[in-house]
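Source file: start11.pdb. Holds: PDB, C-alpha atoms.
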```pdb
ATOM      1  CA  VAL A   1      88.982  52.091  55.091
ATOM      2  CA  MET A   2      89.960  51.649  51.465
ATOM      3  CA  GLY A   3      93.339  51.348  49.802
ATOM      4  CA  TYR A   4      95.929  48.623  49.361
ATOM      5  CA  SER A   5      97.028  46.094  51.909
ATOM      6  CA  LEU A   6     100.485  46.391  53.412
ATOM      7  CA  LYS A   7     100.993  42.700  52.674
ATOM      8  CA  GLY A   8     100.585  42.808  48.906
ATOM      9  CA  ILE A   9      98.475  44.111  46.069
ATOM     10  CA  HIS A  10      95.234  42.500  47.228
ATOM     11  CA  MET A  11      92.678  44.364  49.317
ATOM     12  CA  TYR A  12      91.692  42.560  52.495
ATOM     13  CA  LYS A  13      88.013  42.075  53.229
ATOM     14  CA  VAL A  14      86.841  41.192  56.718
ATOM     15  CA  TYR A  15      83.449  39.586  57.219
ATOM     16  CA  GLY A  16      82.320  40.338  60.744
ATOM     17  CA  ASP A  17      80.202  42.172  63.290
ATOM     18  CA  MET A  18      81.828  45.015  65.254
ATOM     19  CA  LEU A  19      79.845  44.079  68.379
ATOM     20  CA  SER A  20      81.398  40.606  68.383
ATOM     21  CA  GLY A  21      84.595  40.568  70.415
ATOM     22  CA  ASN A  22      86.216  38.047  68.088
ATOM     23  CA  CYS A  23      85.595  40.371  65.130
ATOM     24  CA  TYR A  24      86.439  43.538  67.035
ATOM     25  CA  LYS A  25      89.912  42.092  67.758
ATOM     26  CA  ILE A  26      90.605  42.085  64.032
ATOM     27  CA  LYS A  27      89.351  45.656  63.564
ATOM     28  CA  LEU A  28      91.481  46.854  66.486
ATOM     29  CA  LEU A  29      94.603  45.312  64.932
ATOM     30  CA  LEU A  30      93.899  46.537  61.394
ATOM     31  CA  GLU A  31      93.420  50.097  62.626
ATOM     32  CA  HIS A  32      96.474  49.984  64.904
ATOM     33  CA  LEU A  33      98.681  48.836  62.014
ATOM     34  CA  ASN A  34      97.000  51.075  59.414
ATOM     35  CA  ILE A  35      96.222  48.102  57.182
ATOM     36  CA  ALA A  36      93.765  49.059  54.444
ATOM     37  CA  HIS A  37      90.685  46.847  54.325
ATOM     38  CA  GLU A  38      86.993  46.641  53.579
ATOM     39  CA  TRP A  39      84.645  45.680  56.406
ATOM     40  CA  VAL A  40      81.590  43.605  55.432
ATOM     41  CA  HIS A  41      78.918  43.426  58.132
ATOM     42  CA  VAL A  42      77.472  39.960  58.770
ATOM     43  CA  ASP A  43      74.311  39.481  60.857
ATOM     44  CA  ILE A  44      74.628  36.214  62.774
ATOM     45  CA  LEU A  45      71.093  36.447  64.184
ATOM     46  CA  LYS A  46      69.762  36.390  60.612
ATOM     47  CA  LYS A  47      71.828  33.228  59.982
ATOM     48  CA  GLU A  48      73.895  34.985  57.296
ATOM     49  CA  THR A  49      76.864  32.749  58.127
ATOM     50  CA  HIS A  50      74.838  29.720  57.011
ATOM     51  CA  SER A  51      74.487  30.768  53.378
ATOM     52  CA  ASP A  52      76.225  28.654  50.735
ATOM     53  CA  ALA A  53      78.431  31.615  49.799
ATOM     54  CA  PHE A  54      79.595  32.068  53.377
ATOM     55  CA  LYS A  55      80.200  28.347  53.886
ATOM     56  CA  LYS A  56      82.643  28.436  50.965
ATOM     57  CA  MET A  57      84.706  30.910  52.985
ATOM     58  CA  ASN A  58      84.259  29.207  56.362
ATOM     59  CA  PRO A  59      82.576  25.794  56.543
ATOM     60  CA  ASN A  60      82.391  26.286  60.324
ATOM     61  CA  THR A  61      79.826  29.098  59.719
ATOM     62  CA  ARG A  62      81.382  31.620  62.098
ATOM     63  CA  ILE A  63      82.749  35.142  61.946
ATOM     64  CA  PRO A  64      85.256  36.679  61.536
ATOM     65  CA  VAL A  65      86.594  35.608  58.155
ATOM     66  CA  LEU A  66      89.537  37.300  56.452
ATOM     67  CA  ASP A  67      89.339  37.306  52.646
ATOM     68  CA  LEU A  68      92.893  37.720  51.348
ATOM     69  CA  GLY A  69      91.593  38.835  47.954
ATOM     70  CA  ASP A  70      93.389  36.079  46.047
ATOM     71  CA  GLY A  71      90.968  33.203  46.587
ATOM     72  CA  ARG A  72      92.255  32.336  50.070
ATOM     73  CA  TYR A  73      90.341  32.751  53.323
ATOM     74  CA  LEU A  74      91.370  32.610  56.952
ATOM     75  CA  TRP A  75      89.075  32.071  59.910
ATOM     76  CA  GLU A  76      89.422  31.850  63.717
ATOM     77  CA  SER A  77      90.123  35.270  65.197
ATOM     78  CA  ASN A  78      93.468  34.520  66.836
ATOM     79  CA  ALA A  79      94.805  32.845  63.678
ATOM     80  CA  ILE A  80      93.883  36.020  61.769
ATOM     81  CA  LEU A  81      95.642  38.179  64.375
ATOM     82  CA  ASN A  82      98.796  36.078  64.088
ATOM     83  CA  PHE A  83      98.726  36.319  60.294
ATOM     84  CA  LEU A  84      98.209  40.081  60.161
ATOM     85  CA  ALA A  85     100.708  40.924  62.894
ATOM     86  CA  GLN A  86     103.642  38.923  61.492
ATOM     87  CA  GLY A  87     106.727  41.109  61.156
ATOM     88  CA  THR A  88     105.399  43.822  63.501
ATOM     89  CA  ASP A  89     106.281  44.601  67.105
ATOM     90  CA  LEU A  90     102.956  43.085  68.184
ATOM     91  CA  ILE A  91     104.614  39.644  67.892
ATOM     92  CA  PRO A  92     107.889  39.080  69.797
ATOM     93  CA  SER A  93     110.854  37.806  67.786
ATOM     94  CA  ASP A  94     111.990  35.679  70.746
ATOM     95  CA  HIS A  95     110.497  32.173  70.389
ATOM     96  CA  PHE A  96     109.704  31.726  74.069
ATOM     97  CA  LEU A  97     107.985  35.110  74.278
ATOM     98  CA  TYR A  98     106.009  34.318  71.128
ATOM     99  CA  ALA A  99     104.922  31.052  72.755
ATOM    100  CA  ASN A 100     103.817  33.193  75.718
ATOM    101  CA  VAL A 101     101.627  35.232  73.362
ATOM    102  CA  LEU A 102     100.066  32.010  72.073
ATOM    103  CA  GLN A 103      99.649  30.779  75.649
ATOM    104  CA  TRP A 104      97.491  33.805  76.499
ATOM    105  CA  GLN A 105      95.567  33.489  73.232
ATOM    106  CA  PHE A 106      94.738  29.855  74.031
ATOM    107  CA  PHE A 107      93.780  30.943  77.553
ATOM    108  CA  GLU A 108      91.462  33.530  76.004
ATOM    109  CA  GLN A 109      89.706  30.965  73.827
ATOM    110  CA  TYR A 110      89.460  28.155  76.404
ATOM    111  CA  SER A 111      89.280  29.804  79.850
ATOM    112  CA  HIS A 112      87.925  33.299  79.145
ATOM    113  CA  GLU A 113      85.726  33.501  76.045
ATOM    114  CA  PRO A 114      83.492  30.448  76.792
ATOM    115  CA  TYR A 115      82.357  32.142  80.008
ATOM    116  CA  ILE A 116      82.562  35.906  79.538
ATOM    117  CA  ALA A 117      81.597  36.073  75.860
ATOM    118  CA  THR A 118      78.860  33.455  76.200
ATOM    119  CA  ALA A 119      77.279  35.189  79.214
ATOM    120  CA  ARG A 120      77.387  38.466  77.273
ATOM    121  CA  TYR A 121      75.800  36.826  74.217
ATOM    122  CA  ILE A 122      72.958  35.347  76.284
ATOM    123  CA  ASN A 123      72.313  38.689  77.976
ATOM    124  CA  LYS A 124      73.028  41.267  75.246
ATOM    125  CA  TYR A 125      72.089  39.436  72.033
ATOM    126  CA  LEU A 126      69.339  37.125  73.268
ATOM    127  CA  GLY A 127      67.908  39.306  76.048
ATOM    128  CA  LEU A 128      68.502  36.730  78.803
ATOM    129  CA  PRO A 129      65.633  34.362  77.929
ATOM    130  CA  LYS A 130      64.248  32.318  80.821
ATOM    131  CA  GLU A 131      65.373  29.011  79.309
ATOM    132  CA  ARG A 132      68.998  30.168  79.369
ATOM    133  CA  GLU A 133      69.068  31.884  82.761
ATOM    134  CA  ALA A 134      70.647  28.890  84.510
ATOM    135  CA  GLU A 135      73.365  28.683  81.863
ATOM    136  CA  TYR A 136      73.995  32.440  82.182
ATOM    137  CA  HIS A 137      74.476  32.186  85.956
ATOM    138  CA  ALA A 138      76.632  29.066  85.593
ATOM    139  CA  LYS A 139      79.065  31.042  83.403
ATOM    140  CA  GLN A 140      79.845  33.541  86.170
ATOM    141  CA  THR A 141      82.214  31.337  88.194
ATOM    142  CA  GLY A 142      84.457  30.447  85.256
ATOM    143  CA  GLY A 143      84.492  34.040  84.062
ATOM    144  CA  HIS A 144      85.611  35.350  87.438
ATOM    145  CA  LEU A 145      88.337  32.697  87.616
ATOM    146  CA  ALA A 146      89.727  33.944  84.292
ATOM    147  CA  LEU A 147      89.496  37.587  85.393
ATOM    148  CA  LYS A 148      91.381  36.782  88.617
ATOM    149  CA  VAL A 149      94.203  35.098  86.659
ATOM    150  CA  MET A 150      94.433  38.195  84.444
ATOM    151  CA  ASN A 151      94.278  40.676  87.319
ATOM    152  CA  ASP A 152      96.981  38.834  89.281
ATOM    153  CA  HIS A 153      99.235  38.790  86.225
ATOM    154  CA  LEU A 154      98.663  42.481  85.487
ATOM    155  CA  SER A 155      99.517  43.387  89.081
ATOM    156  CA  LYS A 156     103.131  42.673  88.081
ATOM    157  CA  CYS A 157     103.265  44.190  84.568
ATOM    158  CA  ASP A 158     101.506  46.623  82.220
ATOM    159  CA  TYR A 159     100.906  44.143  79.387
ATOM    160  CA  PHE A 160     100.600  40.383  79.165
ATOM    161  CA  VAL A 161     103.908  39.457  77.511
ATOM    162  CA  ALA A 162     107.335  41.010  78.188
ATOM    163  CA  ASN A 163     105.623  44.178  79.441
ATOM    164  CA  HIS A 164     104.991  45.121  75.811
ATOM    165  CA  TYR A 165     101.697  45.570  73.914
ATOM    166  CA  SER A 166     101.051  42.522  71.718
ATOM    167  CA  ILE A 167      98.300  40.517  70.080
ATOM    168  CA  ALA A 168      97.920  38.735  73.438
ATOM    169  CA  ASP A 169      96.539  41.998  74.825
ATOM    170  CA  ILE A 170      94.312  42.536  71.788
ATOM    171  CA  SER A 171      92.891  39.002  72.131
ATOM    172  CA  LEU A 172      92.043  39.466  75.804
ATOM    173  CA  PHE A 173      90.918  43.090  75.587
ATOM    174  CA  ALA A 174      87.999  42.562  73.201
ATOM    175  CA  TYR A 175      85.644  40.691  75.517
ATOM    176  CA  THR A 176      87.141  41.867  78.828
ATOM    177  CA  GLN A 177      86.278  45.546  78.240
ATOM    178  CA  VAL A 178      82.591  44.605  77.764
ATOM    179  CA  ALA A 179      82.517  41.900  80.461
ATOM    180  CA  HIS A 180      79.953  43.960  82.398
ATOM    181  CA  GLU A 181      77.480  43.217  79.576
ATOM    182  CA  GLY A 182      77.676  39.591  80.692
ATOM    183  CA  GLY A 183      77.178  40.438  84.358
ATOM    184  CA  PHE A 184      80.845  40.659  85.390
ATOM    185  CA  ASP A 185      81.648  43.616  87.664
ATOM    186  CA  LEU A 186      85.215  44.709  86.873
ATOM    187  CA  SER A 187      85.461  47.130  89.806
ATOM    188  CA  THR A 188      87.087  44.413  91.915
ATOM    189  CA  TYR A 189      89.857  43.988  89.312
ATOM    190  CA  PRO A 190      91.812  47.278  89.480
ATOM    191  CA  TYR A 191      94.780  46.061  87.439
ATOM    192  CA  ILE A 192      92.488  44.995  84.602
ATOM    193  CA  LEU A 193      90.806  48.418  84.667
ATOM    194  CA  SER A 194      94.187  50.185  84.427
ATOM    195  CA  TRP A 195      95.217  47.889  81.560
ATOM    196  CA  ILE A 196      91.973  48.667  79.709
ATOM    197  CA  GLU A 197      92.711  52.396  79.972
ATOM    198  CA  ARG A 198      96.264  51.873  78.657
ATOM    199  CA  ILE A 199      94.946  50.059  75.598
ATOM    200  CA  LYS A 200      92.389  52.797  74.938
ATOM    201  CA  ARG A 201      95.297  55.225  74.618
ATOM    202  CA  MET A 202      97.011  53.161  71.903
ATOM    203  CA  PRO A 203      97.470  54.770  68.441
ATOM    204  CA  ASN A 204      94.394  54.513  66.179
ATOM    205  CA  PHE A 205      92.272  52.960  68.940
ATOM    206  CA  ILE A 206      88.708  52.347  67.813
ATOM    207  CA  LYS A 207      85.685  51.705  70.038
ATOM    208  CA  MET A 208      83.559  48.594  69.822
ATOM    209  CA  GLU A 209      80.510  50.075  68.114
ATOM    210  CA  PRO A 210      78.638  49.422  64.858
TER
END
```
Transcribe the structure of this file into structure tokens.
Amino acid sequence: VMGYSLKGIHMYKVYGDMLSGNCYKIKLLLEHLNIAHEWVHVDILKKETHSDAFKKMNPNTRIPVLDLGDGRYLWESNAILNFLAQGTDLIPSDHFLYANVLQWQFFEQYSHEPYIATARYINKYLGLPKEREAEYHAKQTGGHLALKVMNDHLSKCDYFVANHYSIADISLFAYTQVAHEGGFDLSTYPYILSWIERIKRMPNFIKMEP
């Protein structure tokens, strides 16, 4: 997608991998808001995040990275979501509700992603090598705990905060919709499955594919 950013004259560049949930979150938001950008594919298995050029953008050697086009860079997926969504209806204007959005984003990074995304990475990216089988199985309990918290919450509402689509949903959607690739059967979480279908019907929805 080429053109000019809605937030100024500079073109955004995103360094990422569409099969990474943390990068896919950014793509989902950019498409939903029609923000013009250039997507630069980065191969983490080829250690492309460890080059000197990449380390200048993110010394933590991880994707995604948002290049603002003016010499500034932003990393950490949920920080990028918060930056891009400012001033839109994906962030509540009420301070308590905005704190609720952050609450779910912290939950995603601390209670969800370390289990569901890591199990998926071991299985999908690494091919479930024997030396990591025990770790893979150990991730299942924590992942199911997170999914139960989400399912219980969604039994009472359509979206995570104020019953309105927000960046909290985008944060949690990315890895949840591919949780089966990490061994998590979502069929026992009917409210999550309904929520996934609602998000897929959002304007400008894009699938997680290369």
Name the residues in contact with Asn204 in chain A at a cut-off of 12 Å, using all atoms listed in the file, excluding same-chain residues fewer than 3 positions from it; report them as a short mmCIF file (atom, residue, chain, number, x, y, z; two decimals) with C-alpha atoms, in the frame of the given file.
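That gives us selection-v6.cif:
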```cif
data_model
loop_
_atom_site.label_atom_id
_atom_site.label_comp_id
_atom_site.auth_asym_id
_atom_site.auth_seq_id
_atom_site.Cartn_x
_atom_site.Cartn_y
_atom_site.Cartn_z
CA LYS A 27 89.35 45.66 63.56
CA LEU A 28 91.48 46.85 66.49
CA LEU A 29 94.60 45.31 64.93
CA LEU A 30 93.90 46.54 61.39
CA GLU A 31 93.42 50.10 62.63
CA HIS A 32 96.47 49.98 64.90
CA LEU A 33 98.68 48.84 62.01
CA ASN A 34 97.00 51.08 59.41
CA ILE A 35 96.22 48.10 57.18
CA ILE A 199 94.95 50.06 75.60
CA LYS A 200 92.39 52.80 74.94
CA ARG A 201 95.30 55.22 74.62
CA LYS A 207 85.68 51.70 70.04
#
```
Hits of the PyMOL selection byres ((chain A and resi 88-97) around 8) in this structure, as a list in words: Asn82, Ala85, Gln86, Gly87, Tyr98, Ala99, Asn100, Val101, Val161, Ala162, Tyr165, Ser166 and Ile167 of chain A
Residue IDs satisfying the PyMOL selection byres ((chain A and resi 78) around 12), as a PyMOL selection string: chain A and resi 21-26+29+63-66+74-77+79-85+101-109+167-172+174
Selection in question (the file shown): the PyMOL selection byres ((chain A and resi 73) around 10). Which residues does it include, as a CSV table (one decimal) with C-alpha atoms, in the coordinates of the input?
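Output file selection21.csv follows:
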```
chain,number,residue,atom,x,y,z
A,12,TYR,CA,91.7,42.6,52.5
A,13,LYS,CA,88.0,42.1,53.2
A,14,VAL,CA,86.8,41.2,56.7
A,56,LYS,CA,82.6,28.4,51.0
A,57,MET,CA,84.7,30.9,53.0
A,58,ASN,CA,84.3,29.2,56.4
A,65,VAL,CA,86.6,35.6,58.2
A,66,LEU,CA,89.5,37.3,56.5
A,67,ASP,CA,89.3,37.3,52.6
A,68,LEU,CA,92.9,37.7,51.3
A,69,GLY,CA,91.6,38.8,48.0
A,70,ASP,CA,93.4,36.1,46.0
A,71,GLY,CA,91.0,33.2,46.6
A,72,ARG,CA,92.3,32.3,50.1
A,74,LEU,CA,91.4,32.6,57.0
A,75,TRP,CA,89.1,32.1,59.9
A,80,ILE,CA,93.9,36.0,61.8
```
Counting all atoms listed in the file, the residue of A:Leu145, A:Asn163, A:Gln177, A:Glu131 that sits nearest Leu193 in chain A: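 Result for the nearest residue to Leu193 in chain A: A:Gln177.
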Shell of 9 Å around Ile122 in chain A, all atoms listed in the file, local chain residues under 5 positions omitted, as a PyMOL selection string: chain A and resi 117+127-129+132-133+135-136+182
Could those selected residues go to a file with C-alpha atoms, as a tab-separated table (two decimals), keeping the file's coordinate frame?
```
chain	number	residue	atom	x	y	z
A	117	ALA	CA	81.60	36.07	75.86
A	127	GLY	CA	67.91	39.31	76.05
A	128	LEU	CA	68.50	36.73	78.80
A	129	PRO	CA	65.63	34.36	77.93
A	132	ARG	CA	69.00	30.17	79.37
A	133	GLU	CA	69.07	31.88	82.76
A	135	GLU	CA	73.36	28.68	81.86
A	136	TYR	CA	74.00	32.44	82.18
A	182	GLY	CA	77.68	39.59	80.69
```
Enclose the full set of atoms of range 127-134 of chain A listed in the file within a box whose edges lie along x, y and z, apply 4 Å of padding to each of the six sides, and report centre and edge lengths in Å to one decimal as JSON.
```
{"center_x": 67.4, "center_y": 34.1, "center_z": 80.3, "size_x": 14.4, "size_y": 18.4, "size_z": 16.5}
```
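Computed from the coordinates, the CA of Met11 in chain A to CA of Glu38 in chain A distance equals 7.5 Å.
Interatomic distance, CA of Pro210 in chain A to CA of Leu19 in chain A: 6.5 Å.
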Distance query Thr176 in chain A at most 9 Å, all atoms listed in the file, self and fewer than 2 positions along chain excluded, as a count of residues only: 15
Among the residues A:Gly142, A:His164, A:Asp185, A:Ser155, the one that comes closest to Met202 in chain A [using all atoms listed in the file]: A:His164
What would range 149-170 of chain A look like with N, CA and C atoms restored, written as a short mmCIF file (atom, residue, chain, number, x, y, z; two decimals), in the frame of the given file?
```cif
data_model
loop_
_atom_site.label_atom_id
_atom_site.label_comp_id
_atom_site.auth_asym_id
_atom_site.auth_seq_id
_atom_site.Cartn_x
_atom_site.Cartn_y
_atom_site.Cartn_z
N VAL A 149 92.90 35.46 87.23
CA VAL A 149 94.20 35.10 86.66
C VAL A 149 94.80 36.31 85.95
N MET A 150 93.97 37.01 85.17
CA MET A 150 94.43 38.20 84.44
C MET A 150 94.84 39.31 85.40
N ASN A 151 94.00 39.58 86.39
CA ASN A 151 94.28 40.68 87.32
C ASN A 151 95.57 40.43 88.10
N ASP A 152 95.75 39.18 88.55
CA ASP A 152 96.98 38.83 89.28
C ASP A 152 98.21 39.04 88.40
N HIS A 153 98.11 38.64 87.14
CA HIS A 153 99.24 38.79 86.22
C HIS A 153 99.53 40.27 85.98
N LEU A 154 98.49 41.05 85.78
CA LEU A 154 98.66 42.48 85.49
C LEU A 154 99.08 43.29 86.71
N SER A 155 99.03 42.69 87.89
CA SER A 155 99.52 43.39 89.08
C SER A 155 101.04 43.50 89.05
N LYS A 156 101.67 42.71 88.17
CA LYS A 156 103.13 42.67 88.08
C LYS A 156 103.68 43.31 86.80
N CYS A 157 102.80 43.65 85.85
CA CYS A 157 103.26 44.19 84.57
C CYS A 157 102.14 44.98 83.90
N ASP A 158 102.50 45.80 82.91
CA ASP A 158 101.51 46.62 82.22
C ASP A 158 100.78 45.89 81.10
N TYR A 159 101.48 44.91 80.50
CA TYR A 159 100.91 44.14 79.39
C TYR A 159 101.19 42.66 79.61
N PHE A 160 100.55 41.81 78.85
CA PHE A 160 100.60 40.38 79.17
C PHE A 160 101.93 39.69 78.88
N VAL A 161 102.65 40.13 77.85
CA VAL A 161 103.91 39.46 77.51
C VAL A 161 105.05 40.46 77.43
N ALA A 162 106.10 40.20 78.22
CA ALA A 162 107.34 41.01 78.19
C ALA A 162 107.08 42.50 78.42
N ASN A 163 105.98 42.79 79.13
CA ASN A 163 105.62 44.18 79.44
C ASN A 163 105.52 45.05 78.19
N HIS A 164 105.06 44.43 77.10
CA HIS A 164 104.99 45.12 75.81
C HIS A 164 103.66 44.77 75.14
N TYR A 165 102.99 45.78 74.60
CA TYR A 165 101.70 45.57 73.91
C TYR A 165 101.85 44.57 72.77
N SER A 166 100.97 43.58 72.74
CA SER A 166 101.05 42.52 71.72
C SER A 166 99.65 42.03 71.36
N ILE A 167 99.60 41.09 70.45
CA ILE A 167 98.30 40.52 70.08
C ILE A 167 97.70 39.71 71.23
N ALA A 168 98.49 39.38 72.24
CA ALA A 168 97.92 38.74 73.44
C ALA A 168 96.97 39.71 74.12
N ASP A 169 97.39 40.97 74.22
CA ASP A 169 96.54 42.00 74.82
C ASP A 169 95.28 42.25 73.99
N ILE A 170 95.46 42.31 72.68
CA ILE A 170 94.31 42.54 71.79
C ILE A 170 93.29 41.41 71.94
#
```
